[in-house]
Structure formats: structure tokens, C-alpha cells
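structure-v5.txt, holding compact mmCIF, C-alpha atoms:
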```
# COMPACT_ATOMS: atom_id res chain seq x y z
CA MET P 603 0.00 0.00 0.00
CA ARG P 604 1.41 3.36 -1.03
CA ARG P 605 2.28 5.59 1.90
CA GLU P 606 0.98 9.13 1.73
CA LYS P 607 2.71 12.11 3.31
CA PHE P 608 0.85 14.83 5.21
CA ILE P 609 1.97 18.18 6.56
CA TYR P 610 0.27 20.34 9.29
CA ASN P 611 -0.98 23.72 8.05
CA ARG P 612 -0.83 26.32 10.85
CA HIS P 613 -3.11 28.66 9.05
CA THR P 614 -5.97 26.22 8.56
CA LEU P 615 -5.09 24.19 11.64
CA GLN P 616 -5.49 21.03 9.57
CA TYR P 617 -3.27 18.23 8.09
CA GLU P 618 -2.96 18.51 4.38
CA LYS P 619 -1.68 15.91 1.92
CA VAL P 620 1.75 16.74 0.38
CA ARG P 621 1.52 16.99 -3.35
CA LEU P 622 4.81 17.01 -5.44
CA SER P 623 5.24 19.27 -8.44
CA ASN P 624 6.13 17.88 -11.85
CA LYS P 625 9.69 19.19 -11.51
CA GLU P 626 10.19 17.49 -8.20
CA ILE P 627 8.79 14.28 -9.58
CA PHE P 628 11.18 14.46 -12.57
CA LEU P 629 14.22 15.16 -10.37
CA ARG P 630 13.41 12.27 -8.11
CA ILE P 631 12.97 9.90 -11.03
CA PHE P 632 16.15 11.17 -12.68
CA GLY P 633 18.17 10.78 -9.49
CA LEU P 634 16.93 7.27 -9.00
CA ALA P 635 17.67 6.33 -12.60
CA SER P 636 21.18 7.81 -12.36
CA ALA P 637 21.90 5.90 -9.20
CA VAL P 638 20.73 2.70 -10.82
CA LEU P 639 22.81 3.36 -13.94
CA VAL P 640 26.01 4.18 -12.03
CA SER P 641 25.55 1.16 -9.83
CA GLY P 642 25.03 -0.99 -12.91
CA VAL P 643 28.19 0.31 -14.59
CA LEU P 644 30.27 -0.26 -11.48
CA PHE P 645 28.83 -3.70 -11.03
CA THR P 646 29.49 -4.55 -14.69
CA MET P 647 33.11 -3.38 -14.43
CA LEU P 648 33.62 -5.53 -11.37
CA ILE P 649 32.11 -8.48 -13.18
CA TRP P 650 34.36 -7.92 -16.24
CA LYS P 651 37.44 -7.62 -14.08
CA PHE P 652 36.98 -10.65 -11.93
CA PHE P 653 34.72 -12.73 -14.14
CA PRO P 654 35.75 -12.23 -17.85
CA SER P 655 33.53 -13.57 -20.56
CA PRO P 656 34.58 -16.75 -22.42
CA GLN P 657 35.72 -14.70 -25.42
CA GLU P 658 37.73 -12.37 -23.20
CA GLN P 659 39.28 -15.34 -21.41
CA VAL P 660 40.41 -16.77 -24.76
CA LEU P 661 42.02 -13.42 -25.66
CA LEU P 662 43.73 -13.21 -22.25
CA ASP P 663 45.08 -16.75 -22.69
CA GLU P 664 46.42 -15.84 -26.14
CA ILE P 665 48.13 -12.75 -24.71
CA ASP P 666 49.82 -14.84 -22.02
CA HIS P 667 50.92 -17.33 -24.67
CA MET P 668 52.29 -14.51 -26.84
CA LYS P 669 54.23 -13.11 -23.88
CA GLY P 670 55.90 -16.50 -23.41
CA ASP P 671 56.68 -16.78 -27.10
CA PHE P 672 58.04 -13.25 -27.12
CA LYS P 673 60.47 -14.03 -24.30
CA SER P 674 61.61 -17.16 -26.11
CA LEU P 675 62.04 -15.30 -29.41
CA TYR P 676 63.94 -12.50 -27.70
CA ALA P 677 66.30 -15.07 -26.17
CA ASP P 678 66.79 -16.60 -29.65
CA TYR P 679 67.48 -13.12 -31.03
CA GLN P 680 70.17 -12.54 -28.42
CA GLN P 681 71.78 -15.88 -29.28
CA MET P 682 71.76 -15.03 -32.99
CA GLY P 683 73.29 -11.65 -32.19
CA LYS P 684 76.12 -13.33 -30.25
CA ALA P 685 76.68 -15.86 -33.07
CA LEU P 686 76.81 -13.09 -35.66
CA THR P 687 79.28 -11.13 -33.52
CA ASN P 688 81.50 -14.21 -33.31
CA ILE P 689 81.35 -14.68 -37.09
CA HIS P 690 82.16 -11.00 -37.56
CA GLU P 691 85.22 -11.23 -35.31
CA ARG P 692 86.46 -14.31 -37.18
CA ASP P 693 85.76 -12.51 -40.44
CA ILE P 694 88.03 -9.65 -39.30
CA ARG P 695 90.85 -12.09 -38.49
CA VAL P 696 90.54 -13.82 -41.85
CA HIS P 697 90.45 -10.54 -43.75
CA ARG P 698 93.37 -8.99 -41.93
CA LEU P 699 95.70 -11.90 -41.22
CA VAL P 700 95.09 -14.40 -43.99
CA LEU P 701 93.80 -12.63 -47.08
CA GLU P 702 95.29 -9.17 -46.40
CA MET P 703 91.96 -7.44 -47.02
CA ASP P 704 90.41 -4.53 -45.19
CA PRO P 705 87.69 -5.77 -42.78
CA ILE P 706 84.21 -4.23 -42.58
CA ASP P 707 84.50 -0.71 -41.19
CA ASP P 708 83.25 -0.53 -37.58
CA ALA P 709 81.20 2.59 -38.34
CA VAL P 710 79.42 0.76 -41.17
CA TRP P 711 78.92 -2.36 -39.05
CA GLU P 712 77.44 -0.49 -36.10
CA GLY P 713 75.39 1.94 -38.21
CA GLY P 714 71.63 2.05 -37.81
CA VAL P 715 68.75 1.95 -40.28
CA GLY P 716 67.68 5.35 -41.59
CA GLY P 717 64.22 6.93 -41.51
CA HIS P 718 62.82 8.96 -38.61
CA GLU P 719 59.22 7.89 -39.26
CA ARG P 720 60.07 4.23 -39.70
CA TYR P 721 58.55 3.34 -36.32
CA ALA P 722 56.07 6.23 -35.97
CA LYS P 723 53.04 3.92 -35.88
CA ASN P 724 54.27 2.45 -32.60
CA LYS P 725 53.57 5.77 -30.89
CA ASN P 726 49.87 4.93 -31.07
CA TYR P 727 50.42 2.13 -28.56
CA ARG P 728 50.87 3.80 -25.20
CA ASN P 729 51.81 0.71 -23.23
CA SER P 730 53.91 -1.26 -25.72
CA GLY P 731 54.94 1.29 -28.36
CA GLU P 732 58.39 2.09 -26.97
CA LEU P 733 59.22 -1.57 -26.40
CA MET P 734 58.13 -2.51 -29.92
CA THR P 735 60.23 0.31 -31.37
CA GLN P 736 63.33 -0.94 -29.55
CA ILE P 737 62.73 -4.49 -30.72
CA HIS P 738 62.22 -3.42 -34.34
CA GLN P 739 65.41 -1.35 -34.23
CA LYS P 740 67.41 -4.30 -32.90
CA VAL P 741 65.96 -6.72 -35.45
CA ASP P 742 66.51 -4.30 -38.35
CA LYS P 743 70.13 -3.80 -37.26
CA LEU P 744 70.64 -7.54 -37.03
CA LYS P 745 69.20 -8.06 -40.52
CA ARG P 746 71.44 -5.31 -41.89
CA GLN P 747 74.52 -6.84 -40.27
CA MET P 748 73.62 -10.24 -41.69
CA VAL P 749 73.52 -8.73 -45.19
CA LEU P 750 76.89 -7.05 -44.61
CA GLN P 751 78.37 -10.30 -43.33
CA SER P 752 76.97 -12.26 -46.26
CA GLU P 753 78.56 -9.80 -48.70
CA SER P 754 81.81 -10.01 -46.76
CA LEU P 755 81.82 -13.80 -47.00
CA ASP P 756 81.25 -13.49 -50.75
CA ASP P 757 84.35 -11.28 -50.92
CA ILE P 758 86.33 -13.80 -48.86
CA GLU P 759 85.27 -16.62 -51.18
CA LYS P 760 86.33 -14.65 -54.25
CA MET P 761 89.64 -13.68 -52.68
CA ALA P 762 90.26 -17.25 -51.52
CA LYS P 763 89.70 -18.52 -55.06
CA ASN P 764 92.07 -15.85 -56.36
CA LYS P 765 94.63 -16.82 -53.72
CA GLU P 766 94.21 -20.48 -54.64
CA ALA P 767 94.85 -19.63 -58.28
CA MET P 768 97.82 -17.48 -57.28
CA PHE P 769 99.36 -20.21 -55.10
CA ALA P 770 98.96 -22.70 -57.93
CA SER P 771 100.53 -20.29 -60.42
CA ILE P 772 103.55 -18.96 -58.51
CA PRO P 773 106.55 -21.24 -59.21
CA SER P 774 107.09 -23.52 -56.22
CA ILE P 775 108.55 -26.85 -57.39
CA LYS P 776 111.83 -27.93 -58.98
CA PRO P 777 111.77 -28.27 -62.79
CA VAL P 778 113.20 -31.80 -62.36
CA ARG P 779 111.96 -34.23 -59.72
CA SER P 780 114.41 -34.82 -56.86
CA ASP P 781 114.55 -38.57 -57.57
CA LYS P 782 115.63 -37.83 -61.15
CA LEU P 783 118.54 -35.55 -60.28
CA ASN P 784 122.17 -36.75 -60.44
CA ARG P 785 123.89 -37.68 -57.17
CA GLY P 786 120.97 -36.72 -54.94
CA VAL P 787 121.23 -33.01 -55.73
CA THR P 788 124.92 -32.81 -54.88
CA LEU P 789 125.92 -31.40 -58.26
CA LEU P 790 124.27 -28.01 -58.53
CA SER P 791 125.24 -24.62 -59.94
CA GLY P 792 123.28 -21.78 -58.43
CA PHE P 793 122.26 -18.17 -58.97
CA GLY P 794 124.96 -15.48 -59.04
CA TYR P 795 128.38 -14.90 -60.53
CA ARG P 796 129.93 -18.16 -61.71
CA LEU P 797 132.83 -19.26 -63.87
CA HIS P 798 131.60 -19.88 -67.42
CA PRO P 799 132.54 -23.46 -68.46
CA ILE P 800 133.49 -22.54 -72.02
CA HIS P 801 134.58 -18.89 -71.99
CA LYS P 802 136.35 -19.32 -68.60
CA VAL P 803 135.28 -15.90 -67.38
CA VAL P 804 133.21 -15.00 -64.36
CA LYS P 805 129.76 -13.83 -65.41
CA MET P 806 126.27 -13.60 -64.00
CA HIS P 807 124.44 -16.92 -63.90
CA ALA P 808 120.75 -15.97 -63.79
CA GLY P 809 119.39 -19.39 -62.83
CA ILE P 810 120.11 -22.76 -61.29
CA ASP P 811 121.52 -25.76 -63.21
CA PHE P 812 119.94 -29.08 -62.23
CA ALA P 813 122.16 -31.92 -63.49
CA SER P 814 120.11 -34.89 -64.69
CA PRO P 815 120.38 -37.68 -67.28
CA ARG P 816 119.51 -36.82 -70.84
CA GLY P 817 115.83 -37.49 -71.56
CA THR P 818 114.67 -36.87 -67.97
CA SER P 819 111.24 -35.21 -67.89
CA ILE P 820 111.12 -31.45 -67.18
CA GLN P 821 107.99 -30.19 -65.41
CA ALA P 822 106.26 -26.83 -65.19
CA ALA P 823 106.98 -25.13 -61.87
CA GLY P 824 103.46 -23.65 -61.69
CA ASP P 825 100.22 -23.10 -63.60
CA GLY P 826 100.62 -20.78 -66.57
CA VAL P 827 100.68 -20.24 -70.31
CA VAL P 828 103.56 -21.08 -72.64
CA VAL P 829 104.75 -17.80 -74.23
CA SER P 830 107.87 -19.05 -75.99
CA VAL P 831 109.30 -22.26 -77.45
CA ASP P 832 112.58 -21.30 -79.10
CA ARG P 833 115.66 -23.14 -80.39
CA LYS P 834 119.07 -21.48 -80.65
CA LYS P 835 122.46 -22.88 -81.59
CA SER P 836 124.07 -21.15 -78.62
CA GLY P 837 122.91 -19.72 -75.33
CA TYR P 838 119.89 -21.55 -73.90
CA GLY P 839 119.56 -23.82 -76.91
CA LEU P 840 116.03 -25.27 -77.03
CA HIS P 841 114.19 -23.55 -74.24
CA VAL P 842 110.63 -22.89 -73.05
CA VAL P 843 109.26 -19.79 -71.27
CA ILE P 844 106.06 -19.99 -69.21
CA ARG P 845 104.14 -16.95 -67.98
CA HIS P 846 102.46 -17.68 -64.64
CA GLY P 847 100.81 -14.33 -64.02
CA TYR P 848 101.20 -12.22 -60.90
CA GLY P 849 104.47 -10.93 -62.39
CA TYR P 850 106.20 -14.35 -62.67
CA GLU P 851 107.81 -16.13 -65.64
CA THR P 852 110.03 -19.22 -65.70
CA LEU P 853 112.60 -20.37 -68.27
CA TYR P 854 113.73 -23.95 -68.90
CA GLY P 855 116.88 -24.19 -71.01
CA HIS P 856 119.13 -26.66 -72.89
CA MET P 857 116.25 -29.07 -73.51
CA SER P 858 116.57 -32.02 -75.88
CA SER P 859 112.87 -31.78 -76.84
CA ALA P 860 109.80 -29.75 -76.00
CA SER P 861 106.28 -31.19 -75.70
CA VAL P 862 104.31 -27.91 -75.47
CA ARG P 863 103.44 -25.14 -77.90
CA VAL P 864 103.07 -21.39 -77.64
CA GLY P 865 99.70 -20.40 -76.14
CA GLN P 866 99.17 -23.74 -74.42
CA LYS P 867 97.95 -23.68 -70.80
CA VAL P 868 99.93 -25.89 -68.46
CA LYS P 869 99.46 -27.07 -64.88
CA LYS P 870 102.02 -27.29 -62.09
CA GLY P 871 103.96 -30.54 -62.46
CA GLN P 872 102.90 -31.09 -66.09
CA PRO P 873 105.72 -32.39 -68.36
CA ILE P 874 106.86 -29.75 -70.87
CA GLY P 875 109.95 -31.38 -72.38
CA LYS P 876 113.10 -33.39 -71.67
CA VAL P 877 116.56 -32.69 -70.32
CA GLY P 878 119.28 -32.19 -72.92
CA SER P 879 122.49 -30.29 -73.59
CA SER P 880 121.50 -28.03 -76.48
CA GLY P 881 122.99 -24.56 -76.95
CA THR P 882 126.03 -23.50 -74.95
CA SER P 883 126.21 -26.42 -72.53
CA THR P 884 128.87 -28.86 -71.30
CA ALA P 885 126.63 -31.63 -69.92
CA PRO P 886 122.98 -32.66 -69.80
CA HIS P 887 121.10 -30.48 -67.30
CA CYS P 888 118.09 -28.21 -66.94
CA HIS P 889 118.94 -24.53 -66.68
CA TYR P 890 116.07 -23.01 -64.67
CA GLU P 891 115.32 -19.30 -64.25
CA VAL P 892 112.58 -17.42 -62.38
CA HIS P 893 111.76 -13.85 -63.45
CA TYR P 894 109.64 -11.48 -61.40
CA ARG P 895 108.38 -8.37 -63.16
CA GLY P 896 110.97 -8.77 -65.88
CA ARG P 897 114.01 -9.29 -63.63
CA PRO P 898 115.70 -12.59 -62.75
CA VAL P 899 115.46 -13.63 -59.10
CA ASN P 900 117.11 -16.47 -57.24
CA PRO P 901 115.18 -19.68 -58.09
CA ILE P 902 116.29 -21.24 -54.82
CA ASP P 903 113.35 -19.47 -53.17
CA PHE P 904 110.92 -21.28 -55.48
CA VAL P 905 111.98 -24.95 -55.22
CA LEU P 906 110.31 -26.01 -51.96
CA ASP P 907 108.68 -29.25 -53.07
CA GLY P 908 109.38 -32.48 -51.27
CA LEU P 909 112.11 -31.06 -49.06
CA THR P 910 112.46 -31.03 -45.31
CA PRO P 911 113.83 -27.83 -43.75
CA ALA P 912 117.24 -29.53 -43.41
CA GLU P 913 117.20 -30.68 -47.04
CA TYR P 914 116.22 -27.22 -48.20
CA GLN P 915 119.05 -25.62 -46.22
CA ASN P 916 121.48 -28.09 -47.81
CA LEU P 917 120.13 -27.17 -51.25
CA VAL P 918 120.67 -23.49 -50.49
CA LYS P 919 124.28 -24.15 -49.47
CA LEU P 920 124.91 -26.10 -52.66
CA ALA P 921 123.43 -23.30 -54.76
CA GLU P 922 125.65 -20.73 -53.03
CA GLN P 923 128.90 -22.56 -53.69
CA ASP P 924 131.36 -20.64 -55.86
CA ASN P 925 131.74 -23.21 -58.61
CA GLN P 926 131.57 -23.50 -62.37
CA SER P 927 128.20 -23.46 -64.15
CA PHE P 928 127.18 -25.97 -66.80
CA ASP P 929 126.32 -23.24 -69.36
```

Can the structure in the file be given as C-alpha cells, please?
Amino acid sequence: MRREKFIYNRHTLQYEKVRLSNKEIFLRIFGLASAVLVSGVLFTMLIWKFFPSPQEQVLLDEIDHMKGDFKSLYADYQQMGKALTNIHERDIRVHRLVLEMDPIDDAVWEGGVGGHERYAKNKNYRNSGELMTQIHQKVDKLKRQMVLQSESLDDIEKMAKNKEAMFASIPSIKPVRSDKLNRGVTLLSGFGYRLHPIHKVVKMHAGIDFASPRGTSIQAAGDGVVVSVDRKKSGYGLHVVIRHGYGYETLYGHMSSASVRVGQKVKKGQPIGKVGSSGTSTAPHCHYEVHYRGRPVNPIDFVLDGLTPAEYQNLVKLAEQDNQSFD
């Protein structure tokens, strides 16, 4: 039953029923509705916070899973960064010590990725924007360094192939095998001023004479191209000249026969002719010269094959003896 409100009127000396105006009725209704609405909102927020809906719970679970994955990926990123740093340090050692190349400049290696607005969109995310920007910067730097390192490794591979070709080309073996030389390489006339066997005057001997039986195979001292096959009645007689590149040429003189032609490519150790005594010569031998940039150099520095350090030192002593040459 609805309760009615009365008020005592002093003028009429009677109780009169209280009647509300329309405005008062509206304000009361509005206040009640507002209170109900605010209470509902607060109640709903409490419900959402402590009792998420199934869809919200799925999203929260996904976020937790992504956080775990992110930590794992960040750990992997750090490991990759350490591995790349190790490769870079080894790259520097190879460039500088082995291949004599300039390593990647530190300023280039540590440089960042340009563009001020590259990560501007992350500013829209108040809670995670700064973190995402830092991560993107680190990842972009890592990708850039990986490209630089890949290009550097390409350079190393090219240089290594060039070095391999150079090592194969530079003269490094005797023109006659050690087991084919007379008296176990005890009869040897070396580079320098020697007594000429025929003219009996001291003159410059620009090579080394390797005494060996007539018909013994003569081999190329390195990869190269035959640039001359010439026969003379005096001097070197039948002789072959091979250009090895990198400034080197070798000459093989007093041959009895030649098995190569001008323009032919030869490999280190490939037979090019046979020992003889043609030209100005007193006995069968191979006169061997090494020229670097057009000037004769001591071939003793280029006959390292099959020798122990002691054997090589003995060969050097034999080559330095002040004796008579064979040509």
C-alpha cells in the first residue's frame, strides 16, 4: 500500500496531503535512474574484471601465450646476435691476417637503419609502443649486419679462389723431380756470378743448373701459359718460357725436346719437355730461371717441393757454392 505524506498547516489548523510538483517528480525519477545506472556500470566493471567472458578469457590466454613466445624469441634473437658477432670477429681475423683485405668498417657495421618515421606507428600504442620500437630497431640492425656479413663472406670466397689460383701459379717446385737428379742433388750450380765453363770468365748466372740424365722429364713449376718455345744454336739452346701471371715467368733451357706449344695452358707438375744439352752447354742439365716483373730472381726461393727444412738448407748451401756453371 502506497504511503501518503501529510503536513500540518498552521493557518488552517489542519493536516494537508503533500503533493509534489512535476519538476520534483522528474528530479526524483532522474536521481533514481542515475543511481541505478552508475551502480550498474560499477557492477558490470567488477564483473568484467573478476569474471571475464569466455571470449575475453580466450584473448587473455592468447596474450599470455604470446608473452611467453616473445620471451623465447627474444632469447633466440640474443643468441643469434652473439653468433653473428662471433662470425664477424672471425671474419676480421681472416680478412686482416690471412687474405690481407680490409675488414668491414666498424662505423658501417654499427650503423643504424635510416628513416625517422620508420617506427612512428608504434607511438599509437601507449603501453607497448616504446618496447616494440626498440625491438624493431634491434631486429633491423641484425638483418642489416647479416647482409653485410653475407657480402663479406662473398668477398672472402672470391679472394680465396684468387689466392688459390695465385698459389697454384707462382713457381714452387723444382723443374726436375728430386729422384731424377744426379747424385741426390749434390751437383748443382746456383744463382749469381759463376765461372763460365766454355769462356772461362766470371759472369752472371741468372738461374740454377739441375744436373740430370739426358731425356729426364722437365715439369712446369706452376700453372701458366707457354709464351715461348725457341731453339738457338748457342745460349739456352732449345728452351721454353712460361708466364704464370702475378708478375712471374720461368725459363727452362738446354732441352733435348719440348712437348708444349706457344699459347698452351699448363698445370704445375705437367711435363713440358726433356733434359738435354742443347745450346752452350757442357753436360745434360736443366737450366732453370725465375723472373719477377721482368728481372731474374734467385730460383732457390721457389723450389720447396718435397724437401724437409734440413734438405732445403742443404740445397741453399749447394746453390751458393762458388763453382763453375754448366752453361

Worksheet, complete the sentence: Counting only C-alpha atoms, the residue among P:Lys740, P:His613, P:Lys876, P:His856 that lies closest to Arg833 (chain P) is P:His856

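Candidate residues P:Gly837, P:Gly896, P:Gly826, P:Gly817 were compared for distance to Pro773 (chain P), and the nearest is P:Gly826, using all atoms listed in the file.
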
Extract, using only C-alpha atoms, all DNA, RNA and protein residues at most 12 Å from Ser752 (chain P), discarding same-chain residues fewer than 5 positions from it, and format them as a JSON list (two decimals) with C-alpha atoms, in the coordinates of the input.
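Contents of the output file around_4.json:
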```json
[["chain", "number", "residue", "atom", "x", "y", "z"],
["P", 686, "LEU", "CA", 76.81, -13.09, -35.66],
["P", 689, "ILE", "CA", 81.35, -14.68, -37.09],
["P", 690, "HIS", "CA", 82.16, -11.00, -37.56],
["P", 693, "ASP", "CA", 85.76, -12.51, -40.44],
["P", 706, "ILE", "CA", 84.21, -4.23, -42.58],
["P", 745, "LYS", "CA", 69.20, -8.06, -40.52],
["P", 746, "ARG", "CA", 71.44, -5.31, -41.89],
["P", 747, "GLN", "CA", 74.52, -6.84, -40.27],
["P", 757, "ASP", "CA", 84.35, -11.28, -50.92],
["P", 758, "ILE", "CA", 86.33, -13.80, -48.86],
["P", 759, "GLU", "CA", 85.27, -16.62, -51.18]]
```

Worksheet item: What residues have an atom no more than 7 Å from (102.1, -17.9, -67.6) in the file's own frame, counting only C-alpha atoms, and can you write them as a PyMOL selection string?
Response: chain P and resi 825-828+844-847+851

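With all atoms listed in the file as the atoms that count, the minimum distance from Phe904 (chain P) to the choices P:Pro886, P:Pro705, P:Pro777, P:Gly670 is reached by P:Pro777.
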
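When CA of Ala770 (chain P) is paired with CA of Asp903 (chain P), their separation reads 15.5 Å.
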
Fill in: For Val899 (chain P): contacts at 8 Å, all atoms listed in the file, fewer than 6 positions along chain excluded, given as a PyMOL selection string
chain P and resi 808-809+891-893
